[in-house]
>>> print(open('target_15.cif').read())   # mmCIF, C-alpha atoms
data_input
#
loop_
_atom_site.label_atom_id
_atom_site.label_comp_id
_atom_site.auth_asym_id
_atom_site.auth_seq_id
_atom_site.Cartn_x
_atom_site.Cartn_y
_atom_site.Cartn_z
CA MET A 1 -6.66 34.83 83.13
CA SER A 2 -4.69 36.57 80.37
CA ALA A 3 -6.28 38.27 77.37
CA THR A 4 -5.01 35.40 75.23
CA ASP A 5 -6.70 32.88 77.54
CA THR A 6 -9.99 34.81 77.39
CA ILE A 7 -9.88 35.04 73.59
CA ARG A 8 -8.99 31.36 73.29
CA SER A 9 -11.94 30.47 75.56
CA TYR A 10 -14.23 32.65 73.41
CA PHE A 11 -13.16 30.92 70.19
CA ASP A 12 -13.19 27.44 71.76
CA ALA A 13 -16.82 28.14 72.74
CA PHE A 14 -17.55 29.33 69.19
CA ASN A 15 -16.19 26.10 67.73
CA ALA A 16 -18.15 24.07 70.31
CA LYS A 17 -21.29 26.01 69.28
CA ASP A 18 -21.70 26.98 72.94
CA THR A 19 -23.22 30.47 72.95
CA GLU A 20 -23.53 30.51 76.74
CA ALA A 21 -19.79 29.93 77.12
CA MET A 22 -19.12 32.70 74.59
CA LEU A 23 -21.38 35.04 76.56
CA ALA A 24 -19.44 34.19 79.75
CA CYS A 25 -16.34 35.74 78.12
CA LEU A 26 -18.14 39.03 77.45
CA ASP A 27 -18.74 42.14 79.50
CA ALA A 28 -22.46 42.88 80.00
CA GLU A 29 -22.18 45.99 77.80
CA VAL A 30 -20.03 44.45 75.06
CA ALA A 31 -19.88 46.40 71.78
CA HIS A 32 -20.11 43.93 68.89
CA HIS A 33 -18.94 45.42 65.58
CA VAL A 34 -20.17 43.09 62.84
CA ASN A 35 -18.46 43.01 59.44
CA GLU A 36 -20.41 45.35 57.13
CA GLY A 37 -23.14 45.73 59.76
CA GLN A 38 -24.29 47.83 62.67
CA VAL A 39 -22.72 47.87 66.12
CA ARG A 40 -24.75 45.81 68.58
CA SER A 41 -24.48 46.63 72.28
CA GLY A 42 -24.93 44.20 75.16
CA LYS A 43 -25.05 40.47 75.68
CA ILE A 44 -28.71 40.18 74.64
CA LYS A 45 -28.00 41.60 71.17
CA PHE A 46 -24.91 39.40 70.93
CA ALA A 47 -26.96 36.28 71.78
CA GLU A 48 -29.59 37.26 69.18
CA PHE A 49 -26.84 37.62 66.57
CA CYS A 50 -25.45 34.19 67.50
CA ALA A 51 -28.90 32.58 67.17
CA HIS A 52 -29.31 34.10 63.71
CA MET A 53 -25.83 32.98 62.63
CA THR A 54 -26.46 29.43 63.90
CA ARG A 55 -29.63 29.25 61.79
CA CYS A 56 -27.90 30.49 58.61
CA TYR A 57 -24.33 29.17 58.89
CA ASP A 58 -22.41 26.22 60.29
CA GLU A 59 -18.87 27.45 60.90
CA THR A 60 -15.67 26.20 62.48
CA LEU A 61 -12.56 28.33 62.89
CA THR A 62 -9.12 26.86 62.21
CA ASP A 63 -5.51 28.03 61.85
CA MET A 64 -6.03 30.39 64.80
CA VAL A 65 -3.28 32.82 65.75
CA ILE A 66 -3.94 35.09 68.75
CA PHE A 67 -1.97 38.26 69.46
CA GLU A 68 -2.02 40.12 72.78
CA ALA A 69 -0.93 43.72 73.26
CA GLU A 70 1.20 44.68 76.21
CA GLY A 71 -0.98 45.30 79.25
CA GLY A 72 -3.63 42.75 78.27
CA THR A 73 -6.35 45.24 77.30
CA ARG A 74 -6.17 44.60 73.55
CA ALA A 75 -5.95 41.43 71.49
CA ALA A 76 -6.41 40.25 67.94
CA ALA A 77 -6.87 36.93 66.19
CA GLU A 78 -6.37 35.74 62.64
CA TYR A 79 -8.06 32.53 61.47
CA ILE A 80 -9.80 30.64 58.68
CA VAL A 81 -13.59 30.33 58.68
CA ASN A 82 -14.65 26.93 57.34
CA GLY A 83 -18.38 27.03 56.78
CA THR A 84 -21.58 25.78 55.24
CA TYR A 85 -24.31 28.19 54.15
CA LEU A 86 -27.49 26.68 55.60
CA ALA A 87 -30.31 29.23 55.20
CA THR A 88 -30.63 32.21 52.88
CA GLU A 89 -29.92 35.55 54.46
CA ALA A 90 -31.75 38.61 53.04
CA GLY A 91 -29.75 40.38 50.34
CA LEU A 92 -27.31 37.50 49.90
CA PRO A 93 -27.23 34.57 47.43
CA GLU A 94 -29.63 31.67 47.94
CA ALA A 95 -28.38 29.06 50.40
CA ASP A 96 -28.10 25.48 49.21
CA GLY A 97 -25.53 23.97 51.56
CA GLN A 98 -22.58 25.65 49.81
CA THR A 99 -19.27 25.41 51.60
CA TYR A 100 -16.68 28.15 51.93
CA ARG A 101 -13.22 28.77 53.35
CA LEU A 102 -12.53 32.38 54.23
CA PRO A 103 -9.66 34.21 55.96
CA ALA A 104 -10.91 36.47 58.76
CA GLY A 105 -9.76 38.44 61.75
CA SER A 106 -11.10 39.83 64.99
CA PHE A 107 -9.98 42.64 67.27
CA PHE A 108 -10.80 42.82 70.97
CA THR A 109 -10.75 45.22 73.88
CA LEU A 110 -10.75 43.67 77.36
CA LYS A 111 -11.34 44.98 80.85
CA ASN A 112 -11.24 43.01 84.11
CA GLY A 113 -10.85 39.75 82.16
CA LYS A 114 -13.96 40.29 80.02
CA ILE A 115 -14.29 41.25 76.37
CA THR A 116 -15.79 44.73 76.05
CA ARG A 117 -15.44 45.08 72.26
CA VAL A 118 -15.39 42.56 69.40
CA VAL A 119 -14.69 43.67 65.82
CA THR A 120 -14.77 41.05 63.06
CA TYR A 121 -13.55 41.46 59.48
CA TYR A 122 -13.66 39.25 56.40
CA ASN A 123 -13.94 39.82 52.66
CA LEU A 124 -17.67 39.68 51.89
CA ALA A 125 -17.04 39.74 48.12
CA ASP A 126 -14.85 36.64 48.47
CA TRP A 127 -17.55 34.87 50.49
CA ILE A 128 -20.21 35.74 47.89
CA ARG A 129 -17.95 34.47 45.10
CA GLN A 130 -17.53 31.17 46.94
CA VAL A 131 -21.24 30.55 47.59
CA ARG A 132 -22.55 31.62 44.16
#
>>> encode(input="target_15.cif", output="structure tokens")
Amino acid sequence: MSATDTIRSYFDAFNAKDTEAMLACLDAEVAHHVNEGQVRSGKIKFAEFCAHMTRCYDETLTDMVIFEAEGGTRAAAEYIVNGTYLATEAGLPEADGQTYRLPAGSFFTLKNGKITRVVTYYNLADWIRQVR
């Protein structure tokens, strides 16, 4: 499976809200770099993050473009996050079912067909402006 195939499977699982399928794309020791947050290591921490996100946000990714570096060990994706803010997250505006549409991107490192690093970026100020 190519890096592009692995990344596509990861995002297809995200859109299907299938955390187990997302986890299947990851190396056991995955490093998850969250936008404006701490690095989380391992599948357990990743699954905990996904559970939290599912409680607070309902998101679907569209307009996906995936890029793969030569050699298949690096990839990137650009997409639009279409979401609904479901539950208030500490330090952020109150949730009341606000919707948002936000450009975002992710960077990946892969080894042996598994994702070993995920880095996600989006403009938090833009998101806050949209949900206020």
>>> residues_around(input="target_15.cif", residues="segment 16-30 of chain A", least_positions_apart="4", cutoff="6 Å", atoms="all atoms listed in the file", output="PyMOL selection string")
chain A and resi 10+41-43+114-117
>>> write_last_selection(input="target_15.cif", atoms="C-alpha atoms", output="JSON list (two decimals), in the frame of the given file")
[["chain", "number", "residue", "atom", "x", "y", "z"],
["A", 10, "TYR", "CA", -14.23, 32.65, 73.41],
["A", 41, "SER", "CA", -24.48, 46.63, 72.28],
["A", 42, "GLY", "CA", -24.93, 44.20, 75.16],
["A", 43, "LYS", "CA", -25.05, 40.47, 75.68],
["A", 114, "LYS", "CA", -13.96, 40.29, 80.02],
["A", 115, "ILE", "CA", -14.29, 41.25, 76.37],
["A", 116, "THR", "CA", -15.79, 44.73, 76.05],
["A", 117, "ARG", "CA", -15.44, 45.08, 72.26]]
>>> closest_residue(input="target_15.cif", among="A:Asp58, A:Tyr122, A:Met1, A:Thr109", to="Asn15 of chain A", atoms="only C-alpha atoms")
A:Asp58
>>> resolve_selection(input="target_15.cif", expression="the PyMOL selection byres ((chain A and resi 104) around 12)", output="count of residues only")
28
>>> closest_atom_pairs(input="target_15.cif", of="segment 42-117 of chain A", to="segment 2-7 of chain A", cutoff="8 Å", atoms="only C-alpha atoms", output="JSON lines")
{"residue": "A:Ile66", "atom": "CA", "partner": "A:Thr4", "partner_atom": "CA", "distance": 6.6}
{"residue": "A:Phe67", "atom": "CA", "partner": "A:Thr4", "partner_atom": "CA", "distance": 7.1}
{"residue": "A:Glu68", "atom": "CA", "partner": "A:Thr4", "partner_atom": "CA", "distance": 6.1}
{"residue": "A:Gly72", "atom": "CA", "partner": "A:Ala3", "partner_atom": "CA", "distance": 5.3}
{"residue": "A:Thr73", "atom": "CA", "partner": "A:Ala3", "partner_atom": "CA", "distance": 7.0}
{"residue": "A:Arg74", "atom": "CA", "partner": "A:Ala3", "partner_atom": "CA", "distance": 7.4}
{"residue": "A:Ala75", "atom": "CA", "partner": "A:Ala3", "partner_atom": "CA", "distance": 6.7}
{"residue": "A:Leu110", "atom": "CA", "partner": "A:Ala3", "partner_atom": "CA", "distance": 7.0}
{"residue": "A:Gly113", "atom": "CA", "partner": "A:Ala3", "partner_atom": "CA", "distance": 6.8}
{"residue": "A:Lys114", "atom": "CA", "partner": "A:Thr6", "partner_atom": "CA", "distance": 7.3}
{"residue": "A:Ile115", "atom": "CA", "partner": "A:Thr6", "partner_atom": "CA", "distance": 7.8}
>>> atom_distance(input="target_15.cif", atom1="atom CA of Lys45 of chain A", atom2="atom CA of Ala31 of chain A")
9.5 Å
>>> atom_distance(input="target_15.cif", atom1="atom CA of Gly83 of chain A", atom2="atom CA of Ala69 of chain A")
29.2 Å
>>> resolve_selection(input="target_15.cif", expression="the PyMOL selection byres ((chain A and resi 49) around 12)", output="list in words")
Thr19, Leu23, His32, His33, Val34, Gly37, Gln38, Val39, Arg40, Ser41, Gly42, Lys43, Ile44, Lys45, Phe46, Ala47, Glu48, Cys50, Ala51, His52, Met53, Thr54, Arg55, Cys56 and Tyr57 of chain A
>>> atom_distance(input="target_15.cif", atom1="atom CA of Ala90 of chain A", atom2="atom CA of Ile128 of chain A")
13.0 Å
>>> closest_residue(input="target_15.cif", among="A:Ala125, A:Ala87, A:Glu94, A:Ala13", to="Glu36 of chain A", atoms="only C-alpha atoms")
A:Ala125
>>> decode(input="target_15.cif", residues="segment 108-123 of chain A", atoms="all heavy atoms", output="mmCIF file, in the first residue's frame")
data_model
loop_
_atom_site.group_PDB
_atom_site.id
_atom_site.type_symbol
_atom_site.label_atom_id
_atom_site.label_comp_id
_atom_site.auth_asym_id
_atom_site.auth_seq_id
_atom_site.Cartn_x
_atom_site.Cartn_y
_atom_site.Cartn_z
ATOM 1 N N PHE A 108 2.554 13.914 7.539
ATOM 2 C CA PHE A 108 2.711 12.540 8.008
ATOM 3 C C PHE A 108 4.112 12.022 7.738
ATOM 4 O O PHE A 108 4.720 12.352 6.723
ATOM 5 C CB PHE A 108 1.733 11.616 7.267
ATOM 6 C CG PHE A 108 0.297 11.988 7.427
ATOM 7 C CD1 PHE A 108 -0.307 12.861 6.541
ATOM 8 C CD2 PHE A 108 -0.454 11.469 8.467
ATOM 9 C CE1 PHE A 108 -1.640 13.207 6.669
ATOM 10 C CE2 PHE A 108 -1.788 11.807 8.610
ATOM 11 C CZ PHE A 108 -2.385 12.684 7.708
ATOM 12 N N THR A 109 4.573 11.167 8.642
ATOM 13 C CA THR A 109 5.737 10.325 8.412
ATOM 14 C C THR A 109 5.230 8.889 8.449
ATOM 15 O O THR A 109 4.379 8.548 9.288
ATOM 16 C CB THR A 109 6.810 10.545 9.492
ATOM 17 O OG1 THR A 109 7.178 11.918 9.513
ATOM 18 C CG2 THR A 109 8.047 9.703 9.228
ATOM 19 N N LEU A 110 5.728 8.055 7.554
ATOM 20 C CA LEU A 110 5.293 6.662 7.474
ATOM 21 C C LEU A 110 6.487 5.727 7.476
ATOM 22 O O LEU A 110 7.559 6.073 6.982
ATOM 23 C CB LEU A 110 4.481 6.421 6.202
ATOM 24 C CG LEU A 110 3.191 7.217 6.091
ATOM 25 C CD1 LEU A 110 3.392 8.452 5.254
ATOM 26 C CD2 LEU A 110 2.087 6.362 5.546
ATOM 27 N N LYS A 111 6.275 4.556 8.047
ATOM 28 C CA LYS A 111 7.293 3.505 8.045
ATOM 29 C C LYS A 111 6.567 2.164 7.972
ATOM 30 O O LYS A 111 5.623 1.928 8.736
ATOM 31 C CB LYS A 111 8.145 3.590 9.317
ATOM 32 C CG LYS A 111 9.265 2.579 9.361
ATOM 33 C CD LYS A 111 10.111 2.760 10.610
ATOM 34 C CE LYS A 111 11.223 1.736 10.647
ATOM 35 N NZ LYS A 111 12.024 1.876 11.870
ATOM 36 N N ASN A 112 7.033 1.308 7.067
ATOM 37 C CA ASN A 112 6.428 -0.020 6.896
ATOM 38 C C ASN A 112 4.913 0.048 6.711
ATOM 39 O O ASN A 112 4.169 -0.765 7.260
ATOM 40 C CB ASN A 112 6.776 -0.925 8.090
ATOM 41 C CG ASN A 112 8.260 -1.144 8.218
ATOM 42 O OD1 ASN A 112 8.976 -1.234 7.221
ATOM 43 N ND2 ASN A 112 8.746 -1.209 9.443
ATOM 44 N N GLY A 113 4.438 1.062 5.982
ATOM 45 C CA GLY A 113 3.017 1.180 5.679
ATOM 46 C C GLY A 113 2.151 1.736 6.784
ATOM 47 O O GLY A 113 0.930 1.792 6.635
ATOM 48 N N LYS A 114 2.760 2.151 7.883
ATOM 49 C CA LYS A 114 2.005 2.702 9.020
ATOM 50 C C LYS A 114 2.419 4.155 9.267
ATOM 51 O O LYS A 114 3.571 4.536 9.051
ATOM 52 C CB LYS A 114 2.258 1.893 10.301
ATOM 53 C CG LYS A 114 1.819 0.454 10.224
ATOM 54 C CD LYS A 114 0.316 0.347 10.229
ATOM 55 C CE LYS A 114 -0.112 -1.121 10.273
ATOM 56 N NZ LYS A 114 -1.560 -1.255 10.293
ATOM 57 N N ILE A 115 1.506 4.936 9.767
ATOM 58 C CA ILE A 115 1.769 6.330 10.099
ATOM 59 C C ILE A 115 2.478 6.384 11.445
ATOM 60 O O ILE A 115 1.969 5.881 12.443
ATOM 61 C CB ILE A 115 0.454 7.131 10.155
ATOM 62 C CG1 ILE A 115 -0.237 7.113 8.783
ATOM 63 C CG2 ILE A 115 0.708 8.557 10.633
ATOM 64 C CD1 ILE A 115 -1.674 7.615 8.802
ATOM 65 N N THR A 116 3.667 6.996 11.454
ATOM 66 C CA THR A 116 4.431 7.114 12.701
ATOM 67 C C THR A 116 4.364 8.523 13.290
ATOM 68 O O THR A 116 4.720 8.729 14.448
ATOM 69 C CB THR A 116 5.915 6.753 12.480
ATOM 70 O OG1 THR A 116 6.481 7.649 11.517
ATOM 71 C CG2 THR A 116 6.061 5.308 12.017
ATOM 72 N N ARG A 117 3.915 9.487 12.471
ATOM 73 C CA ARG A 117 3.790 10.878 12.945
ATOM 74 C C ARG A 117 2.649 11.544 12.195
ATOM 75 O O ARG A 117 2.534 11.431 10.976
ATOM 76 C CB ARG A 117 5.081 11.651 12.681
ATOM 77 C CG ARG A 117 5.049 13.117 13.112
ATOM 78 C CD ARG A 117 6.346 13.829 12.732
ATOM 79 N NE ARG A 117 6.548 13.854 11.292
ATOM 80 C CZ ARG A 117 6.322 14.914 10.517
ATOM 81 N NH1 ARG A 117 5.920 16.045 11.044
ATOM 82 N NH2 ARG A 117 6.520 14.836 9.226
ATOM 83 N N VAL A 118 1.785 12.238 12.956
ATOM 84 C CA VAL A 118 0.698 13.039 12.402
ATOM 85 C C VAL A 118 0.826 14.439 12.996
ATOM 86 O O VAL A 118 0.878 14.592 14.216
ATOM 87 C CB VAL A 118 -0.689 12.492 12.786
ATOM 88 C CG1 VAL A 118 -1.794 13.360 12.190
ATOM 89 C CG2 VAL A 118 -0.856 11.046 12.413
ATOM 90 N N VAL A 119 0.885 15.450 12.131
ATOM 91 C CA VAL A 119 0.918 16.850 12.560
ATOM 92 C C VAL A 119 -0.251 17.547 11.880
ATOM 93 O O VAL A 119 -0.370 17.480 10.654
ATOM 94 C CB VAL A 119 2.233 17.543 12.147
ATOM 95 C CG1 VAL A 119 2.257 18.978 12.629
ATOM 96 C CG2 VAL A 119 3.442 16.776 12.654
ATOM 97 N N THR A 120 -1.112 18.193 12.654
ATOM 98 C CA THR A 120 -2.275 18.862 12.086
ATOM 99 C C THR A 120 -2.225 20.350 12.390
ATOM 100 O O THR A 120 -1.912 20.738 13.517
ATOM 101 C CB THR A 120 -3.577 18.255 12.640
ATOM 102 O OG1 THR A 120 -3.591 16.858 12.334
ATOM 103 C CG2 THR A 120 -4.805 18.914 12.047
ATOM 104 N N TYR A 121 -2.526 21.160 11.373
ATOM 105 C CA TYR A 121 -2.540 22.618 11.521
ATOM 106 C C TYR A 121 -3.832 23.212 10.986
ATOM 107 O O TYR A 121 -4.339 22.770 9.947
ATOM 108 C CB TYR A 121 -1.385 23.258 10.735
ATOM 109 C CG TYR A 121 -0.035 22.989 11.324
ATOM 110 C CD1 TYR A 121 0.848 22.123 10.688
ATOM 111 C CD2 TYR A 121 0.369 23.607 12.501
ATOM 112 C CE1 TYR A 121 2.100 21.870 11.219
ATOM 113 C CE2 TYR A 121 1.616 23.353 13.042
ATOM 114 C CZ TYR A 121 2.470 22.488 12.395
ATOM 115 O OH TYR A 121 3.706 22.236 12.915
ATOM 116 N N TYR A 122 -4.340 24.201 11.710
ATOM 117 C CA TYR A 122 -5.455 25.032 11.254
ATOM 118 C C TYR A 122 -5.345 26.352 11.995
ATOM 119 O O TYR A 122 -4.583 26.480 12.955
ATOM 120 C CB TYR A 122 -6.809 24.352 11.493
ATOM 121 C CG TYR A 122 -7.053 24.004 12.936
ATOM 122 C CD1 TYR A 122 -7.639 24.919 13.812
ATOM 123 C CD2 TYR A 122 -6.681 22.763 13.434
ATOM 124 C CE1 TYR A 122 -7.845 24.604 15.141
ATOM 125 C CE2 TYR A 122 -6.885 22.434 14.754
ATOM 126 C CZ TYR A 122 -7.467 23.359 15.608
ATOM 127 O OH TYR A 122 -7.661 23.050 16.923
ATOM 128 N N ASN A 123 -6.115 27.338 11.559
ATOM 129 C CA ASN A 123 -6.065 28.661 12.157
ATOM 130 C C ASN A 123 -7.080 28.736 13.299
ATOM 131 O O ASN A 123 -8.287 28.898 13.053
ATOM 132 C CB ASN A 123 -6.352 29.711 11.075
ATOM 133 C CG ASN A 123 -6.203 31.117 11.576
ATOM 134 O OD1 ASN A 123 -6.503 31.425 12.718
ATOM 135 N ND2 ASN A 123 -5.757 31.999 10.696
#
